[in-house]
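K.L.:
Right, I'll just put the structure down here and ask away after.
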Amino acid sequence: MNQSNTHCLMCARVALLLQEDGHPFLIHKFQHSVFVVGDHQFFRGYCMLLFKEHIRELHELEPIVHSALFTELMIAGRAIADTFQPWKMNYSCYGNVVPHIHWHLFPRYDSDPDRQQVPWHHADKFEKHMIDEAAAQHLATQIRSNLILSQS
């Protein structure tokens with residue numbers, strides 16, 4: 001399964017996360033993806049879901065993998081929503097800059113500037129909200145405590 005591309009930044013990040021169980025940004029390793037705290041916290045609770053294989057397009061996935069990956073995305077989104085109680089959740093999957101399937105999960109709040117705009121509207125400010133390993137580990141622990149892996 002773990003096909004990777006040596007030139008892909010996302011493949012390198014996934015490989016690192018799969019090696020290190022205690023990585024401070026790691027929330028959970030799903031079957032098909034890795035759930036991590038985002039490097040910046042302009043939107044508190046921002047996370048990413050990274051597909052483990054180097055696949056560029058969603059339509060290239062086998063239907064069973066697509067369904068399982070979507071379930072993982074919904075579990076991740078619910079954990080963020082349960083942790084931070086946002087006004088809205090935004091899910092973003094483009095792959096234009098890094099051509100590897102991954103999602104950006106943005107919790108949005110009533111207090112957000114331009115809350116009805118896309119989160120990328122403030123991308124120029126993300127760098128000013130980078131977090132360190134201790135802050136990432138704290139957020140990962142909070143989110144992990146709300147991760148419901150089995151649906152009953």
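Residue names in the structure tokens use chain letters A, B, ... in the order shown, residue numbers from 1 in each chain, and ligand numbers from 1 in the order shown.
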Any idea what's packed within 9 Å of Ile131 (chain A), counting only C-alpha atoms, ignoring anything in its chain fewer than 6 positions away? Could you give it as a PyMOL selection string?
P.N.:
chain A and resi 38-41
K.L.:
Taking only residues of region 64-142 of chain A that have an atom at most 12 Å from an atom of region 11-21 of chain A, what is each one's shortest atom pair and its distance in Å to one decimal, using only C-alpha atoms, in chain and number order, as a Markdown table?
P.N.:
| residue | atom | partner | partner_atom | distance |
| --- | --- | --- | --- | --- |
| A:Val98 | CA | A:Cys11 | CA | 9.9 |
| A:Pro99 | CA | A:Cys11 | CA | 10.2 |
| A:His100 | CA | A:Cys11 | CA | 7.8 |
| A:Ile101 | CA | A:Cys11 | CA | 10.0 |
| A:His102 | CA | A:Cys11 | CA | 10.6 |
K.L.:
Give me the residues within 7 Å of Pro86 (chain A) as a PDB file with C-alpha atoms, in the first residue's frame, counting only C-alpha atoms and dropping any in the same chain fewer than 4 places off.
P.N.:
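The resulting file, around-v1.pdb, is shown below:
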ATOM      1  CA  ALA A  81     -16.191  19.852  15.755  1.00  0.00           C
ATOM      2  CA  PRO A 107     -13.140  24.963  11.991  1.00  0.00           C
ATOM      3  CA  ARG A 108     -14.777  28.359  11.563  1.00  0.00           C
ATOM      4  CA  TYR A 109     -16.113  30.477  14.409  1.00  0.00           C
TER       5      TYR A 109
END
K.L.:
Pick from A:Gly22, A:Asp82, A:Phe42, A:Lys128: nearest to Pro113 (chain A), with only C-alpha atoms counted?
P.N.:
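Answer, going by the shortest atom-to-atom distance: A:Phe42.
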K.L.:
Find the residues around Met89 (chain A) up to 12 Å (only C-alpha atoms counted), leave out those fewer than 2 positions away in its own chain, and share them as number ranges by chain.
P.N.:
A: 43-47, 73-74, 76-82, 84-87, 91-92, 104-110, 115-116, 118-119
K.L.:
Could those residues be written to a file, using N, CA and C atoms, as a PDB file, in the first residue's frame?
P.N.:
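out-v2.pdb, freshly written:
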ATOM      1  N   PHE A  43      -6.886  29.511  12.415  1.00  0.00           N
ATOM      2  CA  PHE A  43      -8.200  29.020  12.814  1.00  0.00           C
ATOM      3  C   PHE A  43      -7.952  27.926  13.848  1.00  0.00           C
ATOM      4  N   ARG A  44      -8.271  28.189  15.098  1.00  0.00           N
ATOM      5  CA  ARG A  44      -7.982  27.231  16.176  1.00  0.00           C
ATOM      6  C   ARG A  44      -8.617  25.878  15.868  1.00  0.00           C
ATOM      7  N   GLY A  45      -7.779  24.847  15.862  1.00  0.00           N
ATOM      8  CA  GLY A  45      -8.242  23.498  15.575  1.00  0.00           C
ATOM      9  C   GLY A  45      -8.002  23.075  14.137  1.00  0.00           C
ATOM     10  N   TYR A  46      -7.354  23.927  13.346  1.00  0.00           N
ATOM     11  CA  TYR A  46      -7.044  23.577  11.960  1.00  0.00           C
ATOM     12  C   TYR A  46      -6.219  22.293  11.925  1.00  0.00           C
ATOM     13  N   CYS A  47      -6.639  21.341  11.095  1.00  0.00           N
ATOM     14  CA  CYS A  47      -5.951  20.061  10.971  1.00  0.00           C
ATOM     15  C   CYS A  47      -5.863  19.658   9.506  1.00  0.00           C
ATOM     16  N   LEU A  73     -12.365  10.877   6.884  1.00  0.00           N
ATOM     17  CA  LEU A  73     -12.497  12.336   6.850  1.00  0.00           C
ATOM     18  C   LEU A  73     -13.639  12.795   7.755  1.00  0.00           C
ATOM     19  N   MET A  74     -14.757  12.100   7.720  1.00  0.00           N
ATOM     20  CA  MET A  74     -15.900  12.477   8.545  1.00  0.00           C
ATOM     21  C   MET A  74     -15.615  12.258  10.029  1.00  0.00           C
ATOM     22  N   ALA A  76     -12.636  12.457  11.405  1.00  0.00           N
ATOM     23  CA  ALA A  76     -11.713  13.541  11.756  1.00  0.00           C
ATOM     24  C   ALA A  76     -12.477  14.857  11.944  1.00  0.00           C
ATOM     25  N   GLY A  77     -13.352  15.165  11.006  1.00  0.00           N
ATOM     26  CA  GLY A  77     -14.121  16.402  11.100  1.00  0.00           C
ATOM     27  C   GLY A  77     -14.995  16.455  12.337  1.00  0.00           C
ATOM     28  N   ARG A  78     -15.620  15.332  12.657  1.00  0.00           N
ATOM     29  CA  ARG A  78     -16.471  15.284  13.855  1.00  0.00           C
ATOM     30  C   ARG A  78     -15.631  15.489  15.117  1.00  0.00           C
ATOM     31  N   ALA A  79     -14.436  14.909  15.168  1.00  0.00           N
ATOM     32  CA  ALA A  79     -13.571  15.078  16.349  1.00  0.00           C
ATOM     33  C   ALA A  79     -13.191  16.547  16.533  1.00  0.00           C
ATOM     34  N   ILE A  80     -12.890  17.234  15.445  1.00  0.00           N
ATOM     35  CA  ILE A  80     -12.568  18.663  15.536  1.00  0.00           C
ATOM     36  C   ILE A  80     -13.801  19.439  16.007  1.00  0.00           C
ATOM     37  N   ALA A  81     -14.954  19.155  15.391  1.00  0.00           N
ATOM     38  CA  ALA A  81     -16.191  19.852  15.755  1.00  0.00           C
ATOM     39  C   ALA A  81     -16.561  19.598  17.217  1.00  0.00           C
ATOM     40  N   ASP A  82     -16.428  18.361  17.674  1.00  0.00           N
ATOM     41  CA  ASP A  82     -16.748  18.042  19.068  1.00  0.00           C
ATOM     42  C   ASP A  82     -15.776  18.713  20.039  1.00  0.00           C
ATOM     43  N   PHE A  84     -13.939  21.683  19.459  1.00  0.00           N
ATOM     44  CA  PHE A  84     -13.902  23.144  19.437  1.00  0.00           C
ATOM     45  C   PHE A  84     -15.263  23.820  19.242  1.00  0.00           C
ATOM     46  N   GLN A  85     -16.302  23.042  18.952  1.00  0.00           N
ATOM     47  CA  GLN A  85     -17.654  23.582  18.784  1.00  0.00           C
ATOM     48  C   GLN A  85     -17.689  24.781  17.825  1.00  0.00           C
ATOM     49  N   PRO A  86     -17.174  24.623  16.599  1.00  0.00           N
ATOM     50  CA  PRO A  86     -17.174  25.751  15.667  1.00  0.00           C
ATOM     51  C   PRO A  86     -18.563  26.061  15.118  1.00  0.00           C
ATOM     52  N   TRP A  87     -18.682  27.218  14.534  1.00  0.00           N
ATOM     53  CA  TRP A  87     -19.907  27.651  13.853  1.00  0.00           C
ATOM     54  C   TRP A  87     -20.107  26.830  12.578  1.00  0.00           C
ATOM     55  N   TYR A  91     -13.968  22.030   4.603  1.00  0.00           N
ATOM     56  CA  TYR A  91     -13.102  20.943   4.138  1.00  0.00           C
ATOM     57  C   TYR A  91     -12.558  21.357   2.778  1.00  0.00           C
ATOM     58  N   SER A  92     -11.248  21.246   2.606  1.00  0.00           N
ATOM     59  CA  SER A  92     -10.633  21.696   1.371  1.00  0.00           C
ATOM     60  C   SER A  92      -9.671  20.631   0.849  1.00  0.00           C
ATOM     61  N   HIS A 104      -7.568  19.864   4.035  1.00  0.00           N
ATOM     62  CA  HIS A 104      -7.406  20.874   5.075  1.00  0.00           C
ATOM     63  C   HIS A 104      -8.761  20.956   5.767  1.00  0.00           C
ATOM     64  N   LEU A 105      -8.775  20.820   7.081  1.00  0.00           N
ATOM     65  CA  LEU A 105     -10.018  20.896   7.855  1.00  0.00           C
ATOM     66  C   LEU A 105      -9.965  22.157   8.715  1.00  0.00           C
ATOM     67  N   PHE A 106     -10.814  23.104   8.357  1.00  0.00           N
ATOM     68  CA  PHE A 106     -10.834  24.402   9.020  1.00  0.00           C
ATOM     69  C   PHE A 106     -12.093  24.566   9.863  1.00  0.00           C
ATOM     70  N   PRO A 107     -11.976  24.572  11.191  1.00  0.00           N
ATOM     71  CA  PRO A 107     -13.140  24.963  11.991  1.00  0.00           C
ATOM     72  C   PRO A 107     -13.290  26.481  11.875  1.00  0.00           C
ATOM     73  N   ARG A 108     -14.514  26.919  11.691  1.00  0.00           N
ATOM     74  CA  ARG A 108     -14.777  28.359  11.563  1.00  0.00           C
ATOM     75  C   ARG A 108     -15.669  28.792  12.724  1.00  0.00           C
ATOM     76  N   TYR A 109     -15.445  29.999  13.208  1.00  0.00           N
ATOM     77  CA  TYR A 109     -16.113  30.477  14.409  1.00  0.00           C
ATOM     78  C   TYR A 109     -16.895  31.758  14.135  1.00  0.00           C
ATOM     79  N   ASP A 110     -17.880  32.018  14.980  1.00  0.00           N
ATOM     80  CA  ASP A 110     -18.641  33.266  14.872  1.00  0.00           C
ATOM     81  C   ASP A 110     -17.719  34.477  14.884  1.00  0.00           C
ATOM     82  N   ARG A 115     -15.951  35.428   8.237  1.00  0.00           N
ATOM     83  CA  ARG A 115     -16.283  34.014   8.437  1.00  0.00           C
ATOM     84  C   ARG A 115     -17.014  33.383   7.260  1.00  0.00           C
ATOM     85  N   GLN A 116     -17.619  34.175   6.403  1.00  0.00           N
ATOM     86  CA  GLN A 116     -18.317  33.607   5.258  1.00  0.00           C
ATOM     87  C   GLN A 116     -17.440  33.550   4.009  1.00  0.00           C
ATOM     88  N   VAL A 118     -13.883  32.066   2.115  1.00  0.00           N
ATOM     89  CA  VAL A 118     -13.096  30.835   2.180  1.00  0.00           C
ATOM     90  C   VAL A 118     -11.922  31.057   3.131  1.00  0.00           C
ATOM     91  N   PRO A 119     -11.466  30.013   3.824  1.00  0.00           N
ATOM     92  CA  PRO A 119     -10.363  30.180   4.777  1.00  0.00           C
ATOM     93  C   PRO A 119      -9.088  30.726   4.130  1.00  0.00           C
TER      94      PRO A 119
END
K.L.:
Which residues of region 14-109 of chain A come within 7 Å of region 136-147 of chain A, and what is each one's closest atom pair and distance in Å (one decimal), counting only C-alpha atoms, sorted by chain and residue number, as CSV?
P.N.:
residue,atom,partner,partner_atom,distance
A:Pro24,CA,A:Gln137,CA,4.4
A:Phe25,CA,A:Ala136,CA,5.2
A:Leu26,CA,A:Ala140,CA,6.5
A:Ile27,CA,A:Ala140,CA,5.0
A:Val37,CA,A:Ala140,CA,6.2
A:Ile75,CA,A:Leu147,CA,6.9
A:Ala79,CA,A:Leu147,CA,4.9
A:Ile80,CA,A:Ile143,CA,5.9
A:Asp82,CA,A:Asn146,CA,6.3
A:Thr83,CA,A:Ile143,CA,5.8
K.L.:
For the residues in that selection, give me C-alpha atoms as a PDB file, in the first residue's frame.
P.N.:
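Writing the result to out01.pdb gives the following:
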ATOM      1  CA  PRO A  24       3.591  15.811  18.495  1.00  0.00           C
ATOM      2  CA  PHE A  25       1.404  16.742  15.497  1.00  0.00           C
ATOM      3  CA  LEU A  26      -0.036  13.237  15.092  1.00  0.00           C
ATOM      4  CA  ILE A  27      -3.647  12.756  16.116  1.00  0.00           C
ATOM      5  CA  VAL A  37      -2.706  19.072  13.711  1.00  0.00           C
ATOM      6  CA  ILE A  75     -14.511  10.942  11.760  1.00  0.00           C
ATOM      7  CA  ALA A  79     -13.571  15.078  16.349  1.00  0.00           C
ATOM      8  CA  ILE A  80     -12.568  18.663  15.536  1.00  0.00           C
ATOM      9  CA  ASP A  82     -16.748  18.042  19.068  1.00  0.00           C
ATOM     10  CA  THR A  83     -13.519  19.500  20.474  1.00  0.00           C
TER      11      THR A  83
END
K.L.:
What does the distance from CA of His7 (chain A) to CA of Glu53 (chain A) come to in Å, to one decimal?
P.N.:
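Result for CA of His7 (chain A) versus CA of Glu53 (chain A): 13.3 Å, one decimal.
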K.L.:
Separation of CA of His23 (chain A) and CA of His66 (chain A), in Å?
P.N.:
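Between CA of His23 (chain A) and CA of His66 (chain A) the gap is 26.4 Å.
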K.L.:
Rounded to one decimal in Å, what is the spacing between CA of His54 (chain A) and CA of Glu133 (chain A)?
P.N.:
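Rounded to one decimal, the two atoms are 26.0 Å apart.
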K.L.:
Give the strand (DSSP E or B) residues of chain A, as assigned by DSSP on the backbone, as a PyMOL selection string.
P.N.:
chain A and resi 26-29+33-37+40+47-51+88-92+102-108+130
K.L.:
Could you take the residues named above and write them with N, CA and C atoms, as a CSV table (one decimal), in the first residue's frame?
P.N.:
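New file selection_35.csv:
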chain,number,residue,atom,x,y,z
A,26,LEU,N,0.8,14.4,15.4
A,26,LEU,CA,0.0,13.2,15.1
A,26,LEU,C,-1.3,13.1,16.0
A,27,ILE,N,-2.4,13.0,15.4
A,27,ILE,CA,-3.6,12.8,16.1
A,27,ILE,C,-4.0,11.3,16.0
A,28,HIS,N,-4.0,10.8,14.8
A,28,HIS,CA,-4.4,9.3,14.6
A,28,HIS,C,-3.9,8.8,13.2
A,29,LYS,N,-3.6,7.5,13.2
A,29,LYS,CA,-3.2,6.8,12.0
A,29,LYS,C,-4.5,6.0,11.6
A,33,SER,N,-5.2,6.9,5.9
A,33,SER,CA,-4.8,8.3,6.0
A,33,SER,C,-4.2,8.6,7.4
A,34,VAL,N,-3.6,9.7,7.5
A,34,VAL,CA,-3.0,10.2,8.8
A,34,VAL,C,-3.6,11.5,9.1
A,35,PHE,N,-4.1,11.6,10.3
A,35,PHE,CA,-4.8,12.8,10.8
A,35,PHE,C,-3.8,13.6,11.7
A,36,VAL,N,-3.6,14.9,11.3
A,36,VAL,CA,-2.6,15.7,12.0
A,36,VAL,C,-3.1,17.1,12.4
A,37,VAL,N,-2.5,17.7,13.4
A,37,VAL,CA,-2.7,19.1,13.7
A,37,VAL,C,-2.0,19.9,12.6
A,40,HIS,N,-0.1,25.7,11.4
A,40,HIS,CA,-0.5,27.0,11.9
A,40,HIS,C,-1.9,26.8,12.6
A,47,CYS,N,-6.6,21.3,11.1
A,47,CYS,CA,-6.0,20.1,11.0
A,47,CYS,C,-5.9,19.7,9.5
A,48,MET,N,-5.2,18.6,9.3
A,48,MET,CA,-5.1,18.0,7.9
A,48,MET,C,-5.2,16.5,8.0
A,49,LEU,N,-5.8,16.0,6.9
A,49,LEU,CA,-5.9,14.5,6.7
A,49,LEU,C,-5.1,14.2,5.5
A,50,LEU,N,-4.1,13.4,5.6
A,50,LEU,CA,-3.1,13.1,4.6
A,50,LEU,C,-3.3,11.6,4.1
A,51,PHE,N,-3.6,11.4,2.8
A,51,PHE,CA,-3.7,10.1,2.3
A,51,PHE,C,-2.3,9.4,2.3
A,88,LYS,N,-19.0,26.5,11.9
A,88,LYS,CA,-19.0,25.7,10.6
A,88,LYS,C,-17.7,25.0,10.5
A,89,MET,N,-17.7,23.9,9.7
A,89,MET,CA,-16.5,23.2,9.3
A,89,MET,C,-16.3,23.4,7.8
A,90,ASN,N,-15.1,23.8,7.4
A,90,ASN,CA,-14.7,23.8,6.0
A,90,ASN,C,-13.7,22.7,5.7
A,91,TYR,N,-14.0,22.0,4.6
A,91,TYR,CA,-13.1,20.9,4.1
A,91,TYR,C,-12.6,21.4,2.8
A,92,SER,N,-11.2,21.2,2.6
A,92,SER,CA,-10.6,21.7,1.4
A,92,SER,C,-9.7,20.6,0.8
A,102,HIS,N,-5.0,15.2,0.0
A,102,HIS,CA,-5.0,15.6,1.4
A,102,HIS,C,-6.1,16.6,1.5
A,103,TRP,N,-6.6,16.7,2.8
A,103,TRP,CA,-7.6,17.7,3.1
A,103,TRP,C,-7.1,18.6,4.2
A,104,HIS,N,-7.6,19.9,4.0
A,104,HIS,CA,-7.4,20.9,5.1
A,104,HIS,C,-8.8,21.0,5.8
A,105,LEU,N,-8.8,20.8,7.1
A,105,LEU,CA,-10.0,20.9,7.9
A,105,LEU,C,-10.0,22.2,8.7
A,106,PHE,N,-10.8,23.1,8.4
A,106,PHE,CA,-10.8,24.4,9.0
A,106,PHE,C,-12.1,24.6,9.9
A,107,PRO,N,-12.0,24.6,11.2
A,107,PRO,CA,-13.1,25.0,12.0
A,107,PRO,C,-13.3,26.5,11.9
A,108,ARG,N,-14.5,26.9,11.7
A,108,ARG,CA,-14.8,28.4,11.6
A,108,ARG,C,-15.7,28.8,12.7
A,130,MET,N,2.1,30.1,13.4
A,130,MET,CA,2.7,28.8,13.4
A,130,MET,C,2.8,28.3,14.9
K.L.:
Which is closer to Gly95 (chain A) than all the others in A:Ile55, A:Ala123, A:Ile148, A:Ile64, using only C-alpha atoms?
P.N.:
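Looking only at the distances to Gly95 (chain A), the closest residue turns out to be A:Ile55.
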K.L.:
Can you list every residue in chain A that DSSP puts in helix (DSSP H, G or I), as number ranges by chain?
P.N.:
A: 9-19, 58-60, 63-84, 119-129, 133-144
